[in-house]
>>> print(open('structure-v1.cif').read())   # mmCIF, C-alpha atoms
data_final
#
loop_
_atom_site.label_atom_id
_atom_site.label_comp_id
_atom_site.auth_asym_id
_atom_site.auth_seq_id
_atom_site.Cartn_x
_atom_site.Cartn_y
_atom_site.Cartn_z
CA MET R 1 39.99 13.50 -41.14
CA GLN R 2 40.67 17.01 -39.88
CA PHE R 3 38.42 16.50 -36.86
CA LEU R 4 40.07 13.13 -36.21
CA ALA R 5 43.49 14.77 -36.22
CA CYS R 6 42.28 17.37 -33.73
CA LEU R 7 40.80 14.63 -31.55
CA LEU R 8 44.07 12.70 -31.41
CA LEU R 9 46.14 15.78 -30.64
CA VAL R 10 43.98 17.10 -27.81
CA GLY R 11 43.59 13.59 -26.43
CA TYR R 12 47.33 13.06 -26.11
CA ALA R 13 47.93 16.57 -24.79
CA GLY R 14 45.12 16.17 -22.24
CA VAL R 15 46.79 13.15 -20.65
CA ARG R 16 50.06 15.07 -20.37
CA LEU R 17 48.26 18.06 -18.83
CA THR R 18 46.77 15.87 -16.11
CA VAL R 19 49.99 14.14 -15.14
CA TYR R 20 52.11 17.27 -15.12
CA GLY R 21 49.33 19.27 -13.46
CA ASP R 22 49.27 16.73 -10.65
CA ALA R 23 53.06 17.00 -10.41
CA ILE R 24 52.87 20.79 -10.18
CA ALA R 25 50.26 20.52 -7.43
CA ASP R 26 52.47 18.08 -5.54
CA LYS R 27 55.67 20.10 -5.86
CA THR R 28 54.23 23.57 -5.23
CA GLY R 29 51.72 22.68 -2.53
CA LEU R 30 48.91 24.47 -4.36
CA GLY R 31 46.65 21.40 -4.14
CA GLY R 32 44.76 19.44 -6.77
CA ASN R 33 41.55 21.46 -6.35
CA TRP R 34 43.28 24.73 -7.13
CA ILE R 35 45.38 23.33 -9.99
CA GLY R 36 42.28 21.81 -11.57
CA PHE R 37 40.21 24.96 -11.06
CA LEU R 38 42.66 27.52 -12.42
CA LEU R 39 45.75 26.11 -14.14
CA ILE R 40 44.21 23.11 -15.90
CA GLY R 41 40.80 24.77 -16.17
CA ILE R 42 42.22 27.67 -18.17
CA VAL R 43 44.42 25.54 -20.42
CA THR R 44 41.72 23.00 -21.27
CA SER R 45 39.42 25.91 -22.13
CA MET R 46 41.97 27.50 -24.45
CA PRO R 47 40.49 25.70 -27.49
CA ASP R 48 37.20 27.41 -26.61
CA LEU R 49 38.99 30.77 -26.47
CA ALA R 50 40.81 30.17 -29.74
CA ASN R 51 37.62 28.87 -31.31
CA GLY R 52 35.63 31.88 -30.15
CA LEU R 53 38.15 34.52 -31.19
CA SER R 54 38.54 32.91 -34.61
CA ALA R 55 34.77 32.58 -35.01
CA VAL R 56 33.99 36.25 -34.24
CA THR R 57 36.94 37.66 -36.20
CA LEU R 58 38.16 35.42 -39.03
CA ALA R 59 34.96 33.45 -39.66
CA ASP R 60 32.40 36.14 -38.67
CA ALA R 61 30.26 33.44 -37.05
CA PRO R 62 28.87 34.71 -33.70
CA ASP R 63 26.37 31.83 -33.48
CA LEU R 64 29.21 29.35 -33.71
CA ALA R 65 31.18 31.14 -30.99
CA VAL R 66 28.31 31.42 -28.52
CA GLY R 67 26.99 27.94 -29.24
CA ALA R 68 30.39 26.37 -28.68
CA ILE R 69 30.77 28.06 -25.29
CA PHE R 70 27.42 27.01 -23.85
CA GLY R 71 27.73 23.60 -25.46
CA ALA R 72 31.11 23.20 -23.79
CA CYS R 73 29.59 24.11 -20.42
CA ILE R 74 26.94 21.42 -20.85
CA PHE R 75 29.44 18.79 -22.00
CA ASN R 76 31.75 19.70 -19.10
CA LEU R 77 29.00 19.06 -16.57
CA ALA R 78 28.11 15.81 -18.33
CA ILE R 79 31.70 14.66 -17.73
CA ILE R 80 30.64 14.15 -14.11
CA VAL R 81 28.53 11.23 -15.36
CA ILE R 82 31.65 9.61 -16.83
CA LEU R 83 33.52 10.17 -13.58
CA ASP R 84 30.67 8.67 -11.57
CA LEU R 85 30.67 5.61 -13.83
CA LEU R 86 34.44 5.06 -13.63
CA TYR R 87 34.95 5.89 -9.96
CA ARG R 88 34.90 2.60 -8.06
CA GLN R 89 35.23 3.96 -4.50
CA GLY R 90 31.60 5.08 -4.53
CA SER R 91 29.76 8.11 -5.84
CA VAL R 92 31.91 11.03 -6.98
CA PHE R 93 29.52 13.33 -5.10
CA SER R 94 30.22 11.58 -1.80
CA SER R 95 33.99 11.52 -2.38
CA ALA R 96 34.69 14.96 -3.89
CA SER R 97 35.42 17.94 -1.68
CA GLN R 98 32.45 20.13 -0.81
CA GLY R 99 34.67 23.10 -1.60
CA HIS R 100 33.64 22.67 -5.24
CA ILE R 101 30.24 24.08 -4.26
CA LEU R 102 31.90 27.51 -4.12
CA SER R 103 33.14 27.45 -7.72
CA ALA R 104 29.89 25.86 -8.93
CA ALA R 105 27.89 28.63 -7.25
CA PHE R 106 30.00 31.26 -9.00
CA GLY R 107 29.23 29.37 -12.20
CA ILE R 108 25.50 29.81 -11.66
CA VAL R 109 25.98 33.55 -11.07
CA MET R 110 28.09 34.06 -14.20
CA ILE R 111 25.96 31.87 -16.47
CA GLY R 112 22.93 33.69 -15.11
CA PHE R 113 24.42 37.07 -16.03
CA SER R 114 25.14 35.75 -19.53
CA GLY R 115 21.55 34.57 -19.86
CA LEU R 116 20.24 37.93 -18.64
CA SER R 117 22.45 39.76 -21.13
CA MET R 118 21.31 37.44 -23.94
CA ASN R 119 17.60 37.92 -23.23
CA LEU R 120 17.93 41.69 -23.00
CA ALA R 121 19.87 41.75 -26.28
CA LEU R 122 17.27 39.63 -28.04
CA ASN R 123 14.68 42.21 -26.97
CA ARG R 124 17.00 45.07 -28.02
CA GLU R 125 17.24 46.32 -24.44
CA GLU R 126 20.81 45.32 -23.48
CA PRO R 127 22.80 48.23 -22.00
CA ALA R 128 26.04 48.68 -23.93
CA LEU R 129 29.23 50.68 -23.87
CA GLY R 130 29.90 51.19 -27.56
CA HIS R 131 29.89 47.72 -29.14
CA ILE R 132 30.41 45.96 -25.78
CA GLY R 133 27.58 44.77 -23.56
CA ILE R 134 27.75 46.12 -20.00
CA PHE R 135 27.20 42.66 -18.51
CA SER R 136 30.30 41.37 -20.29
CA LEU R 137 32.37 43.74 -18.17
CA VAL R 138 30.51 42.54 -15.07
CA ILE R 139 31.30 38.92 -15.96
CA LEU R 140 35.02 39.67 -16.29
CA VAL R 141 35.04 41.26 -12.84
CA LEU R 142 33.12 38.32 -11.39
CA TYR R 143 35.64 35.88 -12.83
CA LEU R 144 38.50 37.67 -11.08
CA VAL R 145 36.49 37.71 -7.85
CA SER R 146 35.80 33.97 -8.16
CA VAL R 147 39.49 33.18 -8.71
CA TYR R 148 40.49 35.23 -5.65
CA THR R 149 37.75 33.74 -3.47
CA VAL R 150 38.38 30.12 -4.44
CA PHE R 151 42.15 30.57 -4.00
CA ASN R 152 41.68 31.89 -0.45
CA TYR R 153 39.36 29.01 0.40
CA GLU R 154 41.57 26.30 -1.09
CA SER R 155 44.80 27.68 0.39
CA ARG R 156 43.35 27.18 3.86
CA GLN R 157 42.24 23.63 3.03
CA VAL R 158 45.47 22.22 1.53
CA LYS R 159 48.10 23.57 3.93
CA GLU R 160 48.02 20.69 6.42
CA TYR R 161 47.72 18.02 3.70
CA THR R 162 50.69 19.39 1.77
CA GLU R 163 52.96 19.35 4.81
CA GLN R 164 52.27 15.65 5.38
CA GLU R 165 52.51 14.27 1.84
CA PRO R 166 55.84 13.21 0.25
CA ASP R 167 56.83 14.20 -3.29
CA ALA R 168 55.15 11.73 -5.67
CA TYR R 169 57.43 12.78 -8.57
CA PRO R 170 60.95 12.79 -7.11
CA GLY R 171 62.59 12.10 -10.49
CA LEU R 172 61.35 15.35 -12.04
CA SER R 173 62.31 18.87 -11.08
CA LEU R 174 59.68 21.62 -10.93
CA GLY R 175 61.28 23.34 -13.93
CA VAL R 176 61.08 20.22 -16.09
CA VAL R 177 57.46 19.61 -15.07
CA ILE R 178 56.45 23.18 -15.92
CA ALA R 179 58.24 23.02 -19.30
CA ARG R 180 56.46 19.80 -20.25
CA TYR R 181 53.15 21.19 -19.03
CA VAL R 182 53.58 24.30 -21.20
CA ALA R 183 54.43 22.12 -24.24
CA ALA R 184 51.22 20.12 -23.79
CA ALA R 185 49.24 23.33 -23.34
CA VAL R 186 50.61 24.73 -26.61
CA VAL R 187 49.39 21.64 -28.49
CA VAL R 188 45.89 22.11 -27.07
CA ILE R 189 45.81 25.83 -27.93
CA VAL R 190 47.15 25.50 -31.48
CA THR R 191 44.72 22.69 -32.25
CA GLY R 192 41.80 24.81 -31.05
CA ILE R 193 42.60 27.61 -33.51
CA PHE R 194 41.64 25.43 -36.48
CA LEU R 195 38.34 24.17 -35.04
CA PRO R 196 35.94 27.01 -36.00
CA LEU R 197 37.07 27.02 -39.63
CA ILE R 198 36.67 23.24 -39.89
CA ALA R 199 33.27 23.43 -38.18
CA LYS R 200 31.98 26.16 -40.49
CA GLU R 201 32.95 24.05 -43.51
CA ALA R 202 31.22 21.04 -41.95
CA ALA R 203 28.10 23.15 -41.39
CA SER R 204 28.04 24.08 -45.07
CA LEU R 205 28.57 20.52 -46.28
CA MET R 206 25.94 19.04 -43.96
CA HIS R 207 23.47 21.93 -44.34
CA TRP R 208 23.44 22.59 -40.59
CA GLN R 209 23.05 25.98 -38.99
CA GLU R 210 26.03 27.27 -37.03
CA SER R 211 24.10 27.25 -33.74
CA PHE R 212 23.72 23.46 -33.97
CA VAL R 213 27.29 22.78 -35.12
CA GLY R 214 28.77 25.12 -32.54
CA THR R 215 26.81 23.81 -29.59
CA LEU R 216 27.24 20.12 -30.34
CA LEU R 217 30.07 19.30 -32.74
CA VAL R 218 32.63 21.98 -31.92
CA ALA R 219 31.69 21.98 -28.23
CA PHE R 220 32.34 18.25 -28.04
CA ILE R 221 35.74 18.55 -29.72
CA THR R 222 36.84 21.47 -27.56
CA THR R 223 35.65 19.60 -24.45
CA LEU R 224 37.88 16.61 -25.20
CA PRO R 225 40.75 17.97 -23.05
CA GLU R 226 38.38 18.10 -20.06
CA ILE R 227 37.21 14.54 -20.78
CA ILE R 228 40.77 13.23 -21.03
CA VAL R 229 41.77 15.12 -17.89
CA ALA R 230 38.80 13.69 -15.99
CA VAL R 231 39.47 10.07 -16.96
CA THR R 232 43.20 10.37 -16.33
CA ALA R 233 42.65 12.11 -13.00
CA VAL R 234 40.45 9.26 -11.78
CA ARG R 235 43.14 6.75 -12.74
CA ILE R 236 45.82 8.61 -10.77
CA ASP R 237 43.44 9.12 -7.80
CA ALA R 238 43.07 12.88 -8.31
CA LEU R 239 39.28 13.20 -8.31
CA ASP R 240 39.21 16.71 -6.90
CA MET R 241 41.49 17.93 -9.68
CA ALA R 242 39.03 16.56 -12.24
CA ILE R 243 35.99 18.14 -10.57
CA GLY R 244 37.86 21.42 -10.10
CA ASN R 245 38.74 21.41 -13.78
CA ILE R 246 35.07 21.05 -14.76
CA PHE R 247 33.81 24.01 -12.74
CA GLY R 248 36.93 26.07 -13.42
CA SER R 249 36.53 25.54 -17.16
CA ASN R 250 32.91 26.65 -17.04
CA LEU R 251 33.85 29.84 -15.20
CA PHE R 252 36.58 30.58 -17.71
CA ASN R 253 34.13 29.86 -20.53
CA MET R 254 31.92 32.69 -19.27
CA ALA R 255 34.94 34.98 -19.23
CA ILE R 256 35.63 33.89 -22.83
CA LEU R 257 32.14 35.05 -23.81
CA ALA R 258 32.93 38.47 -22.39
CA ILE R 259 36.25 38.58 -24.27
CA GLU R 260 34.49 37.62 -27.49
CA ASP R 261 32.05 40.48 -26.95
CA VAL R 262 34.96 42.90 -26.56
CA VAL R 263 36.65 41.88 -29.82
CA TYR R 264 33.43 41.51 -31.86
CA LYS R 265 33.17 44.92 -33.54
CA PRO R 266 29.58 44.60 -34.93
CA GLY R 267 28.42 43.77 -31.36
CA PRO R 268 27.13 43.54 -28.73
CA LEU R 269 27.69 39.86 -29.38
CA PHE R 270 24.36 38.62 -28.00
CA SER R 271 22.43 40.95 -30.32
CA LYS R 272 23.71 38.99 -33.34
CA ILE R 273 22.81 35.43 -32.36
CA ALA R 274 19.82 33.09 -32.66
CA PRO R 275 17.33 32.79 -29.74
CA VAL R 276 17.89 29.01 -29.60
CA HIS R 277 20.99 29.54 -27.42
CA ALA R 278 18.77 30.55 -24.50
CA VAL R 279 17.85 26.88 -24.12
CA SER R 280 21.50 25.96 -23.60
CA VAL R 281 21.83 28.73 -21.01
CA MET R 282 18.94 27.33 -18.98
CA THR R 283 20.23 23.77 -19.37
CA SER R 284 23.65 24.84 -18.04
CA LEU R 285 22.02 26.51 -15.04
CA ILE R 286 19.86 23.48 -14.19
CA MET R 287 22.78 21.05 -14.57
CA THR R 288 25.00 23.18 -12.33
CA GLY R 289 22.21 23.30 -9.76
CA PHE R 290 21.96 19.50 -9.77
CA ALA R 291 25.75 19.26 -9.37
CA ILE R 292 25.62 21.52 -6.32
CA THR R 293 22.79 19.42 -4.91
CA GLY R 294 24.90 16.29 -5.32
CA LEU R 295 27.99 17.82 -3.71
CA PHE R 296 25.94 19.02 -0.73
CA PHE R 297 23.59 16.03 -0.30
CA ARG R 298 26.25 13.42 -1.24
CA PRO R 299 23.98 10.66 -2.62
CA GLU R 300 25.32 7.15 -3.10
CA LYS R 301 24.98 5.02 -6.22
CA ARG R 302 21.64 3.27 -6.18
CA LEU R 303 20.19 2.44 -9.58
CA LEU R 304 22.12 -0.58 -10.90
CA LYS R 305 25.06 0.71 -8.81
CA MET R 306 26.45 2.37 -11.93
CA VAL R 307 25.88 6.06 -11.27
CA GLY R 308 23.85 8.09 -8.78
CA TRP R 309 20.52 9.74 -9.53
CA ILE R 310 22.18 13.13 -9.94
CA SER R 311 24.28 11.71 -12.77
CA TRP R 312 21.17 10.29 -14.44
CA MET R 313 19.62 13.76 -14.33
CA LEU R 314 22.75 15.34 -15.84
CA LEU R 315 22.78 12.78 -18.65
CA SER R 316 19.07 13.29 -19.34
CA LEU R 317 19.50 17.06 -19.58
CA LEU R 318 22.40 16.65 -21.99
CA LEU R 319 20.32 14.43 -24.27
CA ILE R 320 17.27 16.71 -24.10
CA ASN R 321 19.32 19.78 -24.94
CA SER R 322 21.11 17.99 -27.80
CA TYR R 323 17.83 16.76 -29.27
CA PHE R 324 16.25 20.21 -29.07
CA LEU R 325 19.21 21.85 -30.80
CA PHE R 326 19.28 19.19 -33.50
CA ILE R 327 15.57 19.65 -34.24
CA ASN R 328 15.55 23.45 -34.04
CA GLY R 329 19.08 24.22 -35.17
CA ARG R 330 19.04 22.61 -38.62
CA ALA R 331 18.72 24.65 -41.73
CA ALA R 332 15.28 24.59 -43.27
#
>>> encode(input="structure-v1.cif", output="C-alpha cells")
Amino acid sequence: MQFLACLLLVGYAGVRLTVYGDAIADKTGLGGNWIGFLLIGIVTSMPDLANGLSAVTLADAPDLAVGAIFGACIFNLAIIVILDLLYRQGSVFSSASQGHILSAAFGIVMIGFSGLSMNLALNREEPALGHIGIFSLVILVLYLVSVYTVFNYESRQVKEYTEQEPDAYPGLSLGVVIARYVAAAVVVIVTGIFLPLIAKEAASLMHWQESFVGTLLVAFITTLPEIIVAVTAVRIDALDMAIGNIFGSNLFNMAILAIEDVVYKPGPLFSKIAPVHAVSVMTSLIMTGFAITGLFFRPEKRLLKMVGWISWMLLSLLLINSYFLFINGRAA
C-alpha cells in the first residue's frame, strides 16, 4: 500500500511536470530539448537523490543506493521502447533531434568513469581523498561541463524556432506556470524521501538482498516520473522533451552517485558494495551505445511495425539485466 501511494503521487506529479515544463519552454524560449535535459531531468531524478541520500545516511544501505541509481539509468533507457511503441509518426529515432547524441555521449563518459571507479574500489585500488573517491569529483566536474556544452548547443538550435512559434499557453503567466511546476516538483521530491525505507523493509520481508531491491524495485518506482513525462510528452507532441529528459536524468544520476560518495562517511562508496552492480554498469553503457546508434542511423520500424530493432535490443538488455540481478541478487 505504501508503494502504491508513492506510485499514485509521482504519477500525478509527473503529468503536471510535463505540461508546465512545456509551458516554461514555450514562454521562455529555452526549447523542449533543454527543458527536458536540465529542468525536468533534474526534478524527475530528485527521488533518486532523496533515495540515495536517505539510503547512505539514515538506512546505511550503500547497495540500495548504488543499485537504485544504475537501475534507474537502465529503466530510463528502456522508456525509449515505450516511446517507440506509442509514437505513431514513425520511429522515435528518426523523429528525435540528433542533438541528443551529445548528452548521450556524455552519459557514456560519466557512466564509464563510475564503472572504472567501482572496479578499482572492488580491487582496493581506488584513489581517494579521505572518504571520497577521486573519480566522484571528476564526475561532478563532467556533469557541469555537460550542462554547459549542451546548453550552448541547444541555444543555437532553438533560436529561430522560438521566434516563429506563438505562445501555446496564453491563459497562463510565466509566474503561475513556474509556481505550479515547483509544486509538482515538491510532491515528487517528498515522495522519494520515503522510498529507501520502504524498500529496505520490503527486502527484509521478502528475503531479498538490497542490491536486487535497489536495482529493480526502487529503481522502477523512482523512474515513474520519467515514464509519466515520456508518455505525456508524446501526447502533447513534445518528443524531444521526453528524450532530453531520459538522457538528462541519466547524467544527473551519475552526479547523484558522486554526491552520495561525498556524504557517505564510511566510504569511498564503491568500496562498500556488492560486485553484482558492475553488470548494471555495463548494461547501461551498452544500452546508451545502442541509443546513440539509433539517433545517428535513424532506423524505421520494421518488425511488426511496432518498434524498431534498436528498441528490441534495449528491451532485451533490460530483461537480461533484470533476470541476472534476480538470480544473483537474492539472499541465499
>>> closest_residue(input="structure-v1.cif", among="R:Ile320, R:Glu226, R:Thr293, R:Ser271", to="Ile82 (chain R)", atoms="all atoms listed in the file")
R:Glu226
>>> residues_around(input="structure-v1.cif", residues="Thr191 (chain R)", least_positions_apart="2", cutoff="12 Å", atoms="only C-alpha atoms", output="ChimeraX atom specification")
/R:2-14,44-51,184-189,193-198,221-222,224-225
>>> resolve_selection(input="structure-v1.cif", expression="the PyMOL selection byres ((chain R and resi 78) around 8)", output="CSV table (one decimal) with C-alpha atoms, in the frame of the given file")
chain,number,residue,atom,x,y,z
R,74,ILE,CA,26.9,21.4,-20.8
R,75,PHE,CA,29.4,18.8,-22.0
R,76,ASN,CA,31.8,19.7,-19.1
R,77,LEU,CA,29.0,19.1,-16.6
R,79,ILE,CA,31.7,14.7,-17.7
R,80,ILE,CA,30.6,14.2,-14.1
R,81,VAL,CA,28.5,11.2,-15.4
R,82,ILE,CA,31.6,9.6,-16.8
R,311,SER,CA,24.3,11.7,-12.8
R,314,LEU,CA,22.8,15.3,-15.8
R,315,LEU,CA,22.8,12.8,-18.6
R,318,LEU,CA,22.4,16.6,-22.0
>>> residues_around(input="structure-v1.cif", residues="region 115-118 of chain R", least_positions_apart="2", cutoff="8 Å", atoms="all atoms listed in the file", output="list in words")
Ile111, Gly112, Phe113, Leu120, Ala121, Leu122, Glu126, Gly133, Phe135, Phe270, Ser271, Ala278, Val281 and Met282 of chain R
>>> resolve_selection(input="structure-v1.cif", expression="the PyMOL selection byres ((chain R and resi 97) around 10)", output="list in words")
Asn33, Val92, Phe93, Ser94, Ser95, Ala96, Gln98, Gly99, His100, Ile101, Leu239, Asp240, Ile243, Gly244, Leu295 and Phe296 of chain R
>>> write_last_selection(input="structure-v1.cif", atoms="C-alpha atoms", output="tab-separated table (two decimals), keeping the file's coordinate frame")
chain	number	residue	atom	x	y	z
R	33	ASN	CA	41.55	21.46	-6.35
R	92	VAL	CA	31.91	11.03	-6.98
R	93	PHE	CA	29.52	13.33	-5.10
R	94	SER	CA	30.22	11.58	-1.80
R	95	SER	CA	33.99	11.52	-2.38
R	96	ALA	CA	34.69	14.96	-3.89
R	98	GLN	CA	32.45	20.13	-0.81
R	99	GLY	CA	34.67	23.10	-1.60
R	100	HIS	CA	33.64	22.67	-5.24
R	101	ILE	CA	30.24	24.08	-4.26
R	239	LEU	CA	39.28	13.20	-8.31
R	240	ASP	CA	39.21	16.71	-6.90
R	243	ILE	CA	35.99	18.14	-10.57
R	244	GLY	CA	37.86	21.42	-10.10
R	295	LEU	CA	27.99	17.82	-3.71
R	296	PHE	CA	25.94	19.02	-0.73
>>> closest_residue(input="structure-v1.cif", among="R:Ile139, R:Met287, R:Ala179, R:Ala258", to="Gly21 (chain R)", atoms="only C-alpha atoms")
R:Ala179
>>> atom_distance(input="structure-v1.cif", atom1="CA of Arg16 (chain R)", atom2="CA of Val229 (chain R)")
8.7 Å
